[in-house]
>>> print(open('final-v1.txt').read())   # compact mmCIF, N, CA and C atoms
# COMPACT_ATOMS: atom_id res chain seq x y z
N MET A 1207 40.36 -31.20 -6.03
CA MET A 1207 39.78 -31.26 -7.35
C MET A 1207 40.00 -29.91 -8.02
N SER A 1208 40.61 -29.93 -9.17
CA SER A 1208 40.85 -28.67 -9.87
C SER A 1208 39.96 -28.60 -11.10
N THR A 1209 39.62 -27.37 -11.45
CA THR A 1209 38.80 -27.19 -12.64
C THR A 1209 39.56 -26.31 -13.59
N THR A 1210 39.40 -26.56 -14.85
CA THR A 1210 40.04 -25.73 -15.86
C THR A 1210 38.97 -25.20 -16.79
N ASN A 1211 39.20 -24.03 -17.28
CA ASN A 1211 38.27 -23.40 -18.20
C ASN A 1211 38.75 -23.69 -19.61
N THR A 1212 38.06 -24.58 -20.28
CA THR A 1212 38.48 -24.96 -21.63
C THR A 1212 37.81 -24.10 -22.69
N GLY A 1213 36.77 -23.38 -22.32
CA GLY A 1213 36.07 -22.54 -23.28
C GLY A 1213 36.73 -21.17 -23.38
N LYS A 1214 36.17 -20.35 -24.27
CA LYS A 1214 36.67 -18.98 -24.42
C LYS A 1214 36.38 -18.20 -23.15
N LYS A 1215 37.32 -17.39 -22.74
CA LYS A 1215 37.14 -16.56 -21.56
C LYS A 1215 36.29 -15.35 -21.94
N LYS A 1216 35.25 -15.14 -21.18
CA LYS A 1216 34.37 -14.01 -21.44
C LYS A 1216 34.89 -12.81 -20.65
N ASN A 1217 34.95 -11.68 -21.29
CA ASN A 1217 35.39 -10.46 -20.61
C ASN A 1217 34.26 -9.96 -19.73
N LEU A 1218 34.39 -10.21 -18.44
CA LEU A 1218 33.36 -9.80 -17.51
C LEU A 1218 33.54 -8.33 -17.16
N GLY A 1219 32.41 -7.66 -17.01
CA GLY A 1219 32.46 -6.28 -16.56
C GLY A 1219 32.87 -5.27 -17.61
N THR A 1220 32.79 -5.63 -18.88
CA THR A 1220 33.20 -4.67 -19.90
C THR A 1220 32.11 -3.66 -20.23
N GLU A 1221 30.86 -4.03 -20.00
CA GLU A 1221 29.75 -3.10 -20.26
C GLU A 1221 29.49 -2.28 -19.00
N VAL A 1222 29.35 -0.98 -19.18
CA VAL A 1222 29.02 -0.11 -18.05
C VAL A 1222 27.59 0.37 -18.25
N VAL A 1223 26.75 0.05 -17.30
CA VAL A 1223 25.34 0.43 -17.37
C VAL A 1223 25.14 1.65 -16.47
N SER A 1224 24.72 2.73 -17.05
CA SER A 1224 24.47 3.94 -16.27
C SER A 1224 23.07 3.85 -15.66
N LEU A 1225 23.01 4.04 -14.36
CA LEU A 1225 21.74 4.04 -13.64
C LEU A 1225 21.28 5.46 -13.32
N ASP A 1226 22.03 6.44 -13.80
CA ASP A 1226 21.75 7.84 -13.45
C ASP A 1226 20.31 8.24 -13.74
N ALA A 1227 19.81 7.94 -14.92
CA ALA A 1227 18.46 8.36 -15.29
C ALA A 1227 17.41 7.67 -14.41
N GLN A 1228 17.61 6.38 -14.15
CA GLN A 1228 16.66 5.65 -13.31
C GLN A 1228 16.67 6.19 -11.88
N VAL A 1229 17.86 6.46 -11.35
CA VAL A 1229 17.97 6.99 -10.00
C VAL A 1229 17.33 8.38 -9.93
N GLN A 1230 17.60 9.21 -10.92
CA GLN A 1230 17.04 10.55 -10.91
C GLN A 1230 15.52 10.51 -10.99
N GLN A 1231 14.98 9.59 -11.78
CA GLN A 1231 13.53 9.44 -11.89
C GLN A 1231 12.93 9.05 -10.54
N LYS A 1232 13.60 8.14 -9.84
CA LYS A 1232 13.12 7.71 -8.52
C LYS A 1232 13.21 8.86 -7.53
N ARG A 1233 14.30 9.63 -7.59
CA ARG A 1233 14.45 10.78 -6.70
C ARG A 1233 13.38 11.83 -6.98
N ASP A 1234 13.11 12.06 -8.25
CA ASP A 1234 12.08 13.06 -8.62
C ASP A 1234 10.70 12.66 -8.14
N ALA A 1235 10.46 11.36 -7.98
CA ALA A 1235 9.15 10.87 -7.56
C ALA A 1235 8.96 10.90 -6.04
N LEU A 1236 10.03 11.23 -5.30
CA LEU A 1236 9.92 11.27 -3.84
C LEU A 1236 8.98 12.38 -3.41
N PRO A 1237 8.29 12.18 -2.29
CA PRO A 1237 7.45 13.26 -1.76
C PRO A 1237 8.30 14.46 -1.35
N GLU A 1238 7.67 15.58 -1.20
CA GLU A 1238 8.36 16.79 -0.73
C GLU A 1238 8.70 16.62 0.75
N PRO A 1239 9.70 17.35 1.25
CA PRO A 1239 9.96 17.36 2.68
C PRO A 1239 8.71 17.83 3.43
N THR A 1240 8.57 17.38 4.67
CA THR A 1240 7.40 17.71 5.49
C THR A 1240 7.83 18.61 6.64
N SER A 1241 7.12 19.72 6.81
CA SER A 1241 7.37 20.60 7.95
C SER A 1241 6.42 20.23 9.08
N TYR A 1242 6.95 20.18 10.27
CA TYR A 1242 6.18 19.80 11.46
C TYR A 1242 6.27 20.90 12.51
N SER A 1243 5.28 20.91 13.37
CA SER A 1243 5.32 21.72 14.58
C SER A 1243 4.92 20.80 15.71
N LEU A 1244 5.78 20.69 16.71
CA LEU A 1244 5.53 19.81 17.85
C LEU A 1244 5.77 20.61 19.12
N PHE A 1245 4.69 20.94 19.81
CA PHE A 1245 4.74 21.76 21.02
C PHE A 1245 5.52 23.06 20.78
N GLY A 1246 5.25 23.66 19.62
CA GLY A 1246 5.84 24.95 19.28
C GLY A 1246 7.21 24.88 18.63
N VAL A 1247 7.80 23.71 18.55
CA VAL A 1247 9.10 23.55 17.89
C VAL A 1247 8.84 23.17 16.44
N GLU A 1248 9.35 23.98 15.52
CA GLU A 1248 9.15 23.71 14.10
C GLU A 1248 10.41 23.12 13.48
N PHE A 1249 10.21 22.15 12.60
CA PHE A 1249 11.33 21.52 11.91
C PHE A 1249 10.81 20.86 10.64
N THR A 1250 11.71 20.56 9.74
CA THR A 1250 11.36 19.94 8.46
C THR A 1250 12.16 18.65 8.31
N LEU A 1251 11.47 17.62 7.86
CA LEU A 1251 12.12 16.32 7.63
C LEU A 1251 11.99 15.95 6.16
N PRO A 1252 13.09 15.47 5.57
CA PRO A 1252 13.03 15.01 4.18
C PRO A 1252 12.33 13.66 4.13
N PRO A 1253 11.87 13.23 2.95
CA PRO A 1253 11.34 11.87 2.86
C PRO A 1253 12.45 10.89 3.25
N MET A 1254 12.08 9.82 3.93
CA MET A 1254 13.08 8.89 4.45
C MET A 1254 14.00 8.33 3.37
N ARG A 1255 13.46 8.11 2.20
CA ARG A 1255 14.29 7.54 1.12
C ARG A 1255 15.27 8.55 0.55
N ALA A 1256 15.17 9.81 0.99
CA ALA A 1256 16.11 10.83 0.54
C ALA A 1256 17.24 11.03 1.54
N LEU A 1257 17.23 10.26 2.61
CA LEU A 1257 18.29 10.39 3.61
C LEU A 1257 19.63 9.97 3.01
N PRO A 1258 20.70 10.66 3.36
CA PRO A 1258 22.01 10.30 2.81
C PRO A 1258 22.46 8.92 3.29
N TRP A 1259 23.15 8.24 2.44
CA TRP A 1259 23.60 6.88 2.71
C TRP A 1259 24.50 6.84 3.94
N GLU A 1260 25.34 7.85 4.14
CA GLU A 1260 26.27 7.83 5.26
C GLU A 1260 25.56 7.90 6.61
N LEU A 1261 24.28 8.25 6.62
CA LEU A 1261 23.51 8.26 7.87
C LEU A 1261 23.46 6.87 8.49
N GLN A 1262 23.40 5.84 7.67
CA GLN A 1262 23.42 4.45 8.16
C GLN A 1262 24.67 4.22 9.00
N GLU A 1263 25.81 4.72 8.53
CA GLU A 1263 27.06 4.54 9.26
C GLU A 1263 27.06 5.33 10.57
N LYS A 1264 26.54 6.55 10.54
CA LYS A 1264 26.52 7.39 11.74
C LYS A 1264 25.59 6.83 12.80
N VAL A 1265 24.41 6.40 12.39
CA VAL A 1265 23.39 5.95 13.34
C VAL A 1265 23.55 4.48 13.67
N GLY A 1266 23.99 3.69 12.70
CA GLY A 1266 24.19 2.27 12.92
C GLY A 1266 23.03 1.43 12.44
N ASP A 1267 21.82 1.98 12.47
CA ASP A 1267 20.64 1.22 12.05
C ASP A 1267 19.54 2.21 11.70
N LEU A 1268 19.13 2.25 10.46
CA LEU A 1268 18.09 3.19 10.04
C LEU A 1268 16.74 2.88 10.67
N ASN A 1269 16.61 1.72 11.30
CA ASN A 1269 15.38 1.42 12.05
C ASN A 1269 15.39 2.13 13.40
N ASP A 1270 16.52 2.69 13.79
CA ASP A 1270 16.64 3.47 15.03
C ASP A 1270 16.11 4.88 14.74
N THR A 1271 14.79 5.00 14.72
CA THR A 1271 14.16 6.25 14.32
C THR A 1271 14.61 7.42 15.18
N ILE A 1272 14.76 7.20 16.48
CA ILE A 1272 15.19 8.28 17.37
C ILE A 1272 16.60 8.73 17.01
N GLY A 1273 17.49 7.80 16.74
CA GLY A 1273 18.84 8.14 16.33
C GLY A 1273 18.85 8.86 14.99
N VAL A 1274 18.03 8.40 14.06
CA VAL A 1274 17.93 9.05 12.75
C VAL A 1274 17.41 10.47 12.91
N LEU A 1275 16.34 10.63 13.70
CA LEU A 1275 15.78 11.97 13.94
C LEU A 1275 16.82 12.90 14.54
N ALA A 1276 17.54 12.41 15.55
CA ALA A 1276 18.56 13.23 16.20
C ALA A 1276 19.62 13.67 15.20
N GLU A 1277 20.02 12.77 14.32
CA GLU A 1277 21.05 13.10 13.33
C GLU A 1277 20.51 14.08 12.28
N VAL A 1278 19.29 13.85 11.81
CA VAL A 1278 18.71 14.70 10.77
C VAL A 1278 18.39 16.10 11.31
N LEU A 1279 17.85 16.15 12.53
CA LEU A 1279 17.45 17.44 13.10
C LEU A 1279 18.65 18.24 13.61
N GLY A 1280 19.67 17.59 14.07
CA GLY A 1280 20.83 18.28 14.61
C GLY A 1280 20.69 18.55 16.10
N LYS A 1281 21.81 18.81 16.74
CA LYS A 1281 21.86 18.95 18.20
C LYS A 1281 21.01 20.10 18.71
N ASP A 1282 21.04 21.24 18.03
CA ASP A 1282 20.29 22.40 18.51
C ASP A 1282 18.78 22.13 18.52
N LYS A 1283 18.28 21.54 17.46
CA LYS A 1283 16.84 21.26 17.39
C LYS A 1283 16.45 20.18 18.40
N VAL A 1284 17.31 19.20 18.59
CA VAL A 1284 17.04 18.16 19.59
C VAL A 1284 16.98 18.78 20.98
N ARG A 1285 17.91 19.69 21.29
CA ARG A 1285 17.87 20.39 22.58
C ARG A 1285 16.59 21.18 22.74
N GLU A 1286 16.15 21.80 21.66
CA GLU A 1286 14.90 22.56 21.68
C GLU A 1286 13.72 21.63 21.99
N LEU A 1287 13.72 20.44 21.41
CA LEU A 1287 12.67 19.46 21.68
C LEU A 1287 12.75 18.96 23.12
N TYR A 1288 13.96 18.74 23.62
CA TYR A 1288 14.12 18.37 25.03
C TYR A 1288 13.49 19.45 25.92
N GLY A 1289 13.71 20.70 25.54
CA GLY A 1289 13.24 21.82 26.34
C GLY A 1289 11.72 21.91 26.47
N VAL A 1290 11.00 21.36 25.50
CA VAL A 1290 9.52 21.40 25.59
C VAL A 1290 8.97 20.10 26.15
N GLY A 1291 9.86 19.21 26.60
CA GLY A 1291 9.41 18.00 27.27
C GLY A 1291 8.94 16.87 26.38
N ILE A 1292 9.57 16.70 25.23
CA ILE A 1292 9.19 15.61 24.32
C ILE A 1292 9.36 14.26 25.02
N GLN A 1293 8.39 13.40 24.82
CA GLN A 1293 8.42 12.05 25.38
C GLN A 1293 8.60 11.02 24.27
N LEU A 1294 8.97 9.81 24.66
CA LEU A 1294 9.15 8.75 23.66
C LEU A 1294 7.88 8.50 22.85
N GLY A 1295 6.74 8.55 23.50
CA GLY A 1295 5.47 8.37 22.79
C GLY A 1295 5.23 9.44 21.75
N ASP A 1296 5.69 10.66 22.03
CA ASP A 1296 5.56 11.75 21.05
C ASP A 1296 6.41 11.45 19.82
N LEU A 1297 7.60 10.92 20.06
CA LEU A 1297 8.50 10.58 18.95
C LEU A 1297 7.93 9.44 18.12
N GLU A 1298 7.20 8.55 18.76
CA GLU A 1298 6.56 7.45 18.03
C GLU A 1298 5.51 8.01 17.07
N VAL A 1299 4.71 8.98 17.55
CA VAL A 1299 3.70 9.61 16.69
C VAL A 1299 4.40 10.30 15.51
N LEU A 1300 5.47 11.02 15.80
CA LEU A 1300 6.22 11.71 14.76
C LEU A 1300 6.79 10.70 13.76
N ALA A 1301 7.41 9.65 14.27
CA ALA A 1301 8.04 8.66 13.40
C ALA A 1301 7.02 8.01 12.47
N LEU A 1302 5.85 7.66 12.99
CA LEU A 1302 4.83 7.03 12.16
C LEU A 1302 4.31 7.98 11.08
N ASP A 1303 4.13 9.26 11.45
CA ASP A 1303 3.66 10.22 10.45
C ASP A 1303 4.73 10.46 9.39
N TRP A 1304 5.99 10.58 9.83
CA TRP A 1304 7.10 10.79 8.90
C TRP A 1304 7.20 9.62 7.94
N GLN A 1305 7.05 8.42 8.46
CA GLN A 1305 7.09 7.22 7.63
C GLN A 1305 5.97 7.26 6.60
N LYS A 1306 4.76 7.58 7.04
CA LYS A 1306 3.60 7.62 6.13
C LYS A 1306 3.81 8.67 5.04
N ARG A 1307 4.24 9.87 5.44
CA ARG A 1307 4.43 10.95 4.47
C ARG A 1307 5.63 10.71 3.56
N SER A 1308 6.50 9.80 3.95
CA SER A 1308 7.64 9.42 3.13
C SER A 1308 7.25 8.37 2.09
N GLY A 1309 6.01 7.87 2.19
CA GLY A 1309 5.56 6.86 1.23
C GLY A 1309 5.96 5.45 1.61
N LEU A 1310 6.30 5.24 2.90
CA LEU A 1310 6.68 3.91 3.36
C LEU A 1310 5.52 3.28 4.11
N ASP A 1311 5.41 1.96 4.01
CA ASP A 1311 4.41 1.24 4.78
C ASP A 1311 4.85 1.19 6.23
N SER A 1312 3.90 1.03 7.11
CA SER A 1312 4.21 0.91 8.54
C SER A 1312 5.18 -0.23 8.76
N GLY A 1313 6.27 0.05 9.45
CA GLY A 1313 7.28 -0.97 9.74
C GLY A 1313 8.34 -1.10 8.68
N GLU A 1314 8.22 -0.38 7.58
CA GLU A 1314 9.20 -0.45 6.50
C GLU A 1314 10.24 0.63 6.71
N SER A 1315 11.49 0.25 6.77
CA SER A 1315 12.54 1.26 6.98
C SER A 1315 12.99 1.83 5.64
N ALA A 1316 13.69 2.93 5.73
CA ALA A 1316 14.22 3.57 4.52
C ALA A 1316 15.23 2.70 3.82
N ALA A 1317 15.81 1.75 4.50
CA ALA A 1317 16.82 0.89 3.92
C ALA A 1317 16.26 -0.47 3.52
N SER A 1318 14.97 -0.59 3.43
CA SER A 1318 14.37 -1.88 3.10
C SER A 1318 14.71 -2.29 1.67
N SER A 1319 14.52 -3.53 1.38
CA SER A 1319 14.85 -4.04 0.05
C SER A 1319 13.94 -3.49 -1.04
N SER A 1320 12.81 -2.94 -0.68
CA SER A 1320 11.90 -2.42 -1.71
C SER A 1320 12.18 -0.96 -2.03
N SER A 1321 13.17 -0.37 -1.37
CA SER A 1321 13.48 1.04 -1.63
C SER A 1321 14.33 1.22 -2.86
>>> encode(input="final-v1.txt", output="structure tokens")
Amino acid sequence: MSTTNTGKKKNLGTEVVSLDAQVQQKRDALPEPTSYSLFGVEFTLPPMRALPWELQEKVGDLNDTIGVLAEVLGKDKVRELYGVGIQLGDLEVLALDWQKRSGLDSGESAASSSS
């Protein structure tokens, strides 16, 4: 079955809508980065919604909080945390606080549809 367009062809995509102002407004409304101290190791985390988009590609899943933390903190800081005996439960406490201070609901990832 073939279809033909008998009406006037509409030029699709001719209007360019700039989202710059809306994006900047949303970025300006983000919380400030949060500085933490965990067993003497100090580090700062940006709000989750300020994470770079390419982090998704590096980590594979932004719900992988441990992977995200490792990428954001960097190898040296992760080694420092290993050195003070960080446990998975400690990372859970950190992840929940980071999520809360980022303005996300519990269980909501930075890549959720409401972001």
>>> residues_around(input="final-v1.txt", residues="stretch 1276-1287 of chain A", least_positions_apart="6", cutoff="9 Å", atoms="only C-alpha atoms", output="VMD selection string")
chain A and resid 1244 to 1245 1247 to 1252 1257 1261 1264 to 1265
>>> axis_aligned_box(input="final-v1.txt", around="stretch 1253-1265 of chain A", padding_each_side="4 Å", output="AutoDock Vina command-line options")
--center_x 19.2 --center_y 8.7 --center_z 7.1 --size_x 23.7 --size_y 17.0 --size_z 21.1
>>> closest_residue(input="final-v1.txt", among="A:Thr1271, A:Gln1230, A:Ala1235, A:Gln1262", to="A:Trp1304", atoms="only C-alpha atoms")
A:Thr1271
>>> select_by_dssp(input="final-v1.txt", residues="stretch 1209-1302 of chain A", states="alpha helix (DSSP H)", output="PDB file with N, CA and C atoms, keeping the file's coordinate frame")
ATOM      1  N   ASP A1226      22.030   6.440 -13.800  1.00  0.00           N
ATOM      2  CA  ASP A1226      21.750   7.840 -13.450  1.00  0.00           C
ATOM      3  C   ASP A1226      20.310   8.240 -13.740  1.00  0.00           C
ATOM      4  N   ALA A1227      19.810   7.940 -14.920  1.00  0.00           N
ATOM      5  CA  ALA A1227      18.460   8.360 -15.290  1.00  0.00           C
ATOM      6  C   ALA A1227      17.410   7.670 -14.410  1.00  0.00           C
ATOM      7  N   GLN A1228      17.610   6.380 -14.150  1.00  0.00           N
ATOM      8  CA  GLN A1228      16.660   5.650 -13.310  1.00  0.00           C
ATOM      9  C   GLN A1228      16.670   6.190 -11.880  1.00  0.00           C
ATOM     10  N   VAL A1229      17.860   6.460 -11.350  1.00  0.00           N
ATOM     11  CA  VAL A1229      17.970   6.990 -10.000  1.00  0.00           C
ATOM     12  C   VAL A1229      17.330   8.380  -9.930  1.00  0.00           C
ATOM     13  N   GLN A1230      17.600   9.210 -10.920  1.00  0.00           N
ATOM     14  CA  GLN A1230      17.040  10.550 -10.910  1.00  0.00           C
ATOM     15  C   GLN A1230      15.520  10.510 -10.990  1.00  0.00           C
ATOM     16  N   GLN A1231      14.980   9.590 -11.780  1.00  0.00           N
ATOM     17  CA  GLN A1231      13.530   9.440 -11.890  1.00  0.00           C
ATOM     18  C   GLN A1231      12.930   9.050 -10.540  1.00  0.00           C
ATOM     19  N   LYS A1232      13.600   8.140  -9.840  1.00  0.00           N
ATOM     20  CA  LYS A1232      13.120   7.710  -8.520  1.00  0.00           C
ATOM     21  C   LYS A1232      13.210   8.860  -7.530  1.00  0.00           C
ATOM     22  N   ARG A1233      14.300   9.630  -7.590  1.00  0.00           N
ATOM     23  CA  ARG A1233      14.450  10.780  -6.700  1.00  0.00           C
ATOM     24  C   ARG A1233      13.380  11.830  -6.980  1.00  0.00           C
ATOM     25  N   ASP A1234      13.110  12.060  -8.250  1.00  0.00           N
ATOM     26  CA  ASP A1234      12.080  13.060  -8.620  1.00  0.00           C
ATOM     27  C   ASP A1234      10.700  12.660  -8.140  1.00  0.00           C
ATOM     28  N   GLU A1260      25.340   7.850   4.140  1.00  0.00           N
ATOM     29  CA  GLU A1260      26.270   7.830   5.260  1.00  0.00           C
ATOM     30  C   GLU A1260      25.560   7.900   6.610  1.00  0.00           C
ATOM     31  N   LEU A1261      24.280   8.250   6.620  1.00  0.00           N
ATOM     32  CA  LEU A1261      23.510   8.260   7.870  1.00  0.00           C
ATOM     33  C   LEU A1261      23.460   6.870   8.490  1.00  0.00           C
ATOM     34  N   GLN A1262      23.400   5.840   7.670  1.00  0.00           N
ATOM     35  CA  GLN A1262      23.420   4.450   8.160  1.00  0.00           C
ATOM     36  C   GLN A1262      24.670   4.220   9.000  1.00  0.00           C
ATOM     37  N   GLU A1263      25.810   4.720   8.530  1.00  0.00           N
ATOM     38  CA  GLU A1263      27.060   4.540   9.260  1.00  0.00           C
ATOM     39  C   GLU A1263      27.060   5.330  10.570  1.00  0.00           C
ATOM     40  N   LYS A1264      26.540   6.550  10.540  1.00  0.00           N
ATOM     41  CA  LYS A1264      26.520   7.390  11.740  1.00  0.00           C
ATOM     42  C   LYS A1264      25.590   6.830  12.800  1.00  0.00           C
ATOM     43  N   VAL A1265      24.410   6.400  12.390  1.00  0.00           N
ATOM     44  CA  VAL A1265      23.390   5.950  13.340  1.00  0.00           C
ATOM     45  C   VAL A1265      23.550   4.480  13.670  1.00  0.00           C
ATOM     46  N   THR A1271      14.790   5.000  14.720  1.00  0.00           N
ATOM     47  CA  THR A1271      14.160   6.250  14.320  1.00  0.00           C
ATOM     48  C   THR A1271      14.610   7.420  15.180  1.00  0.00           C
ATOM     49  N   ILE A1272      14.760   7.200  16.480  1.00  0.00           N
ATOM     50  CA  ILE A1272      15.190   8.280  17.370  1.00  0.00           C
ATOM     51  C   ILE A1272      16.600   8.730  17.010  1.00  0.00           C
ATOM     52  N   GLY A1273      17.490   7.800  16.740  1.00  0.00           N
ATOM     53  CA  GLY A1273      18.840   8.140  16.330  1.00  0.00           C
ATOM     54  C   GLY A1273      18.850   8.860  14.990  1.00  0.00           C
ATOM     55  N   VAL A1274      18.030   8.400  14.060  1.00  0.00           N
ATOM     56  CA  VAL A1274      17.930   9.050  12.750  1.00  0.00           C
ATOM     57  C   VAL A1274      17.410  10.470  12.910  1.00  0.00           C
ATOM     58  N   LEU A1275      16.340  10.630  13.700  1.00  0.00           N
ATOM     59  CA  LEU A1275      15.780  11.970  13.940  1.00  0.00           C
ATOM     60  C   LEU A1275      16.820  12.900  14.540  1.00  0.00           C
ATOM     61  N   ALA A1276      17.540  12.410  15.550  1.00  0.00           N
ATOM     62  CA  ALA A1276      18.560  13.230  16.200  1.00  0.00           C
ATOM     63  C   ALA A1276      19.620  13.670  15.200  1.00  0.00           C
ATOM     64  N   GLU A1277      20.020  12.770  14.320  1.00  0.00           N
ATOM     65  CA  GLU A1277      21.050  13.100  13.330  1.00  0.00           C
ATOM     66  C   GLU A1277      20.510  14.080  12.280  1.00  0.00           C
ATOM     67  N   VAL A1278      19.290  13.850  11.810  1.00  0.00           N
ATOM     68  CA  VAL A1278      18.710  14.700  10.770  1.00  0.00           C
ATOM     69  C   VAL A1278      18.390  16.100  11.310  1.00  0.00           C
ATOM     70  N   LEU A1279      17.850  16.150  12.530  1.00  0.00           N
ATOM     71  CA  LEU A1279      17.450  17.440  13.100  1.00  0.00           C
ATOM     72  C   LEU A1279      18.650  18.240  13.610  1.00  0.00           C
ATOM     73  N   LYS A1281      21.810  18.810  16.740  1.00  0.00           N
ATOM     74  CA  LYS A1281      21.860  18.950  18.200  1.00  0.00           C
ATOM     75  C   LYS A1281      21.010  20.100  18.710  1.00  0.00           C
ATOM     76  N   ASP A1282      21.040  21.240  18.030  1.00  0.00           N
ATOM     77  CA  ASP A1282      20.290  22.400  18.510  1.00  0.00           C
ATOM     78  C   ASP A1282      18.780  22.130  18.520  1.00  0.00           C
ATOM     79  N   LYS A1283      18.280  21.540  17.460  1.00  0.00           N
ATOM     80  CA  LYS A1283      16.840  21.260  17.390  1.00  0.00           C
ATOM     81  C   LYS A1283      16.450  20.180  18.400  1.00  0.00           C
ATOM     82  N   VAL A1284      17.310  19.200  18.590  1.00  0.00           N
ATOM     83  CA  VAL A1284      17.040  18.160  19.590  1.00  0.00           C
ATOM     84  C   VAL A1284      16.980  18.780  20.980  1.00  0.00           C
ATOM     85  N   ARG A1285      17.910  19.690  21.290  1.00  0.00           N
ATOM     86  CA  ARG A1285      17.870  20.390  22.580  1.00  0.00           C
ATOM     87  C   ARG A1285      16.590  21.180  22.740  1.00  0.00           C
ATOM     88  N   GLU A1286      16.150  21.800  21.660  1.00  0.00           N
ATOM     89  CA  GLU A1286      14.900  22.560  21.680  1.00  0.00           C
ATOM     90  C   GLU A1286      13.720  21.630  21.990  1.00  0.00           C
ATOM     91  N   LEU A1287      13.720  20.440  21.410  1.00  0.00           N
ATOM     92  CA  LEU A1287      12.670  19.460  21.680  1.00  0.00           C
ATOM     93  C   LEU A1287      12.750  18.960  23.120  1.00  0.00           C
ATOM     94  N   TYR A1288      13.960  18.740  23.620  1.00  0.00           N
ATOM     95  CA  TYR A1288      14.120  18.370  25.030  1.00  0.00           C
ATOM     96  C   TYR A1288      13.490  19.450  25.920  1.00  0.00           C
ATOM     97  N   GLY A1289      13.710  20.700  25.540  1.00  0.00           N
ATOM     98  CA  GLY A1289      13.240  21.820  26.340  1.00  0.00           C
ATOM     99  C   GLY A1289      11.720  21.910  26.470  1.00  0.00           C
ATOM    100  N   LEU A1294       8.970   9.810  24.660  1.00  0.00           N
ATOM    101  CA  LEU A1294       9.150   8.750  23.660  1.00  0.00           C
ATOM    102  C   LEU A1294       7.880   8.500  22.850  1.00  0.00           C
ATOM    103  N   GLY A1295       6.740   8.550  23.500  1.00  0.00           N
ATOM    104  CA  GLY A1295       5.470   8.370  22.790  1.00  0.00           C
ATOM    105  C   GLY A1295       5.230   9.440  21.750  1.00  0.00           C
ATOM    106  N   ASP A1296       5.690  10.660  22.030  1.00  0.00           N
ATOM    107  CA  ASP A1296       5.560  11.750  21.050  1.00  0.00           C
ATOM    108  C   ASP A1296       6.410  11.450  19.820  1.00  0.00           C
ATOM    109  N   LEU A1297       7.600  10.920  20.060  1.00  0.00           N
ATOM    110  CA  LEU A1297       8.500  10.580  18.950  1.00  0.00           C
ATOM    111  C   LEU A1297       7.930   9.440  18.120  1.00  0.00           C
ATOM    112  N   GLU A1298       7.200   8.550  18.760  1.00  0.00           N
ATOM    113  CA  GLU A1298       6.560   7.450  18.030  1.00  0.00           C
ATOM    114  C   GLU A1298       5.510   8.010  17.070  1.00  0.00           C
ATOM    115  N   VAL A1299       4.710   8.980  17.550  1.00  0.00           N
ATOM    116  CA  VAL A1299       3.700   9.610  16.690  1.00  0.00           C
ATOM    117  C   VAL A1299       4.400  10.300  15.510  1.00  0.00           C
ATOM    118  N   LEU A1300       5.470  11.020  15.800  1.00  0.00           N
ATOM    119  CA  LEU A1300       6.220  11.710  14.760  1.00  0.00           C
ATOM    120  C   LEU A1300       6.790  10.700  13.760  1.00  0.00           C
ATOM    121  N   ALA A1301       7.410   9.650  14.270  1.00  0.00           N
ATOM    122  CA  ALA A1301       8.040   8.660  13.400  1.00  0.00           C
ATOM    123  C   ALA A1301       7.020   8.010  12.470  1.00  0.00           C
ATOM    124  N   LEU A1302       5.850   7.660  12.990  1.00  0.00           N
ATOM    125  CA  LEU A1302       4.830   7.030  12.160  1.00  0.00           C
ATOM    126  C   LEU A1302       4.310   7.980  11.080  1.00  0.00           C
TER     127      LEU A1302
END
>>> atom_distance(input="final-v1.txt", atom1="atom C of A:Gly1289", atom2="atom N of A:Ala1301")
17.8 Å
>>> atom_distance(input="final-v1.txt", atom1="atom N of A:Arg1255", atom2="atom CA of A:Gly1295")
22.1 Å
>>> closest_residue(input="final-v1.txt", among="A:Leu1310, A:Leu1297, A:Leu1218, A:Val1290", to="A:Gly1246", atoms="all atoms listed in the file")
A:Val1290
>>> select_by_dssp(input="final-v1.txt", residues="stretch 1210-1275 of chain A", states="strand (DSSP E)", output="number ranges by chain")
A: 1240-1244, 1247-1251
>>> closest_residue(input="final-v1.txt", among="A:Asp1226, A:Pro1239, A:Trp1259, A:Met1254", to="A:Leu1302", atoms="only C-alpha atoms")
A:Met1254
>>> residues_around(input="final-v1.txt", residues="A:Arg1307", least_positions_apart="4", cutoff="6.5 Å", atoms="all atoms listed in the file", output="PyMOL selection string")
chain A and resi 1237+1253+1302-1303
>>> atom_distance(input="final-v1.txt", atom1="atom N of A:Ser1243", atom2="atom N of A:Leu1268")
23.4 Å
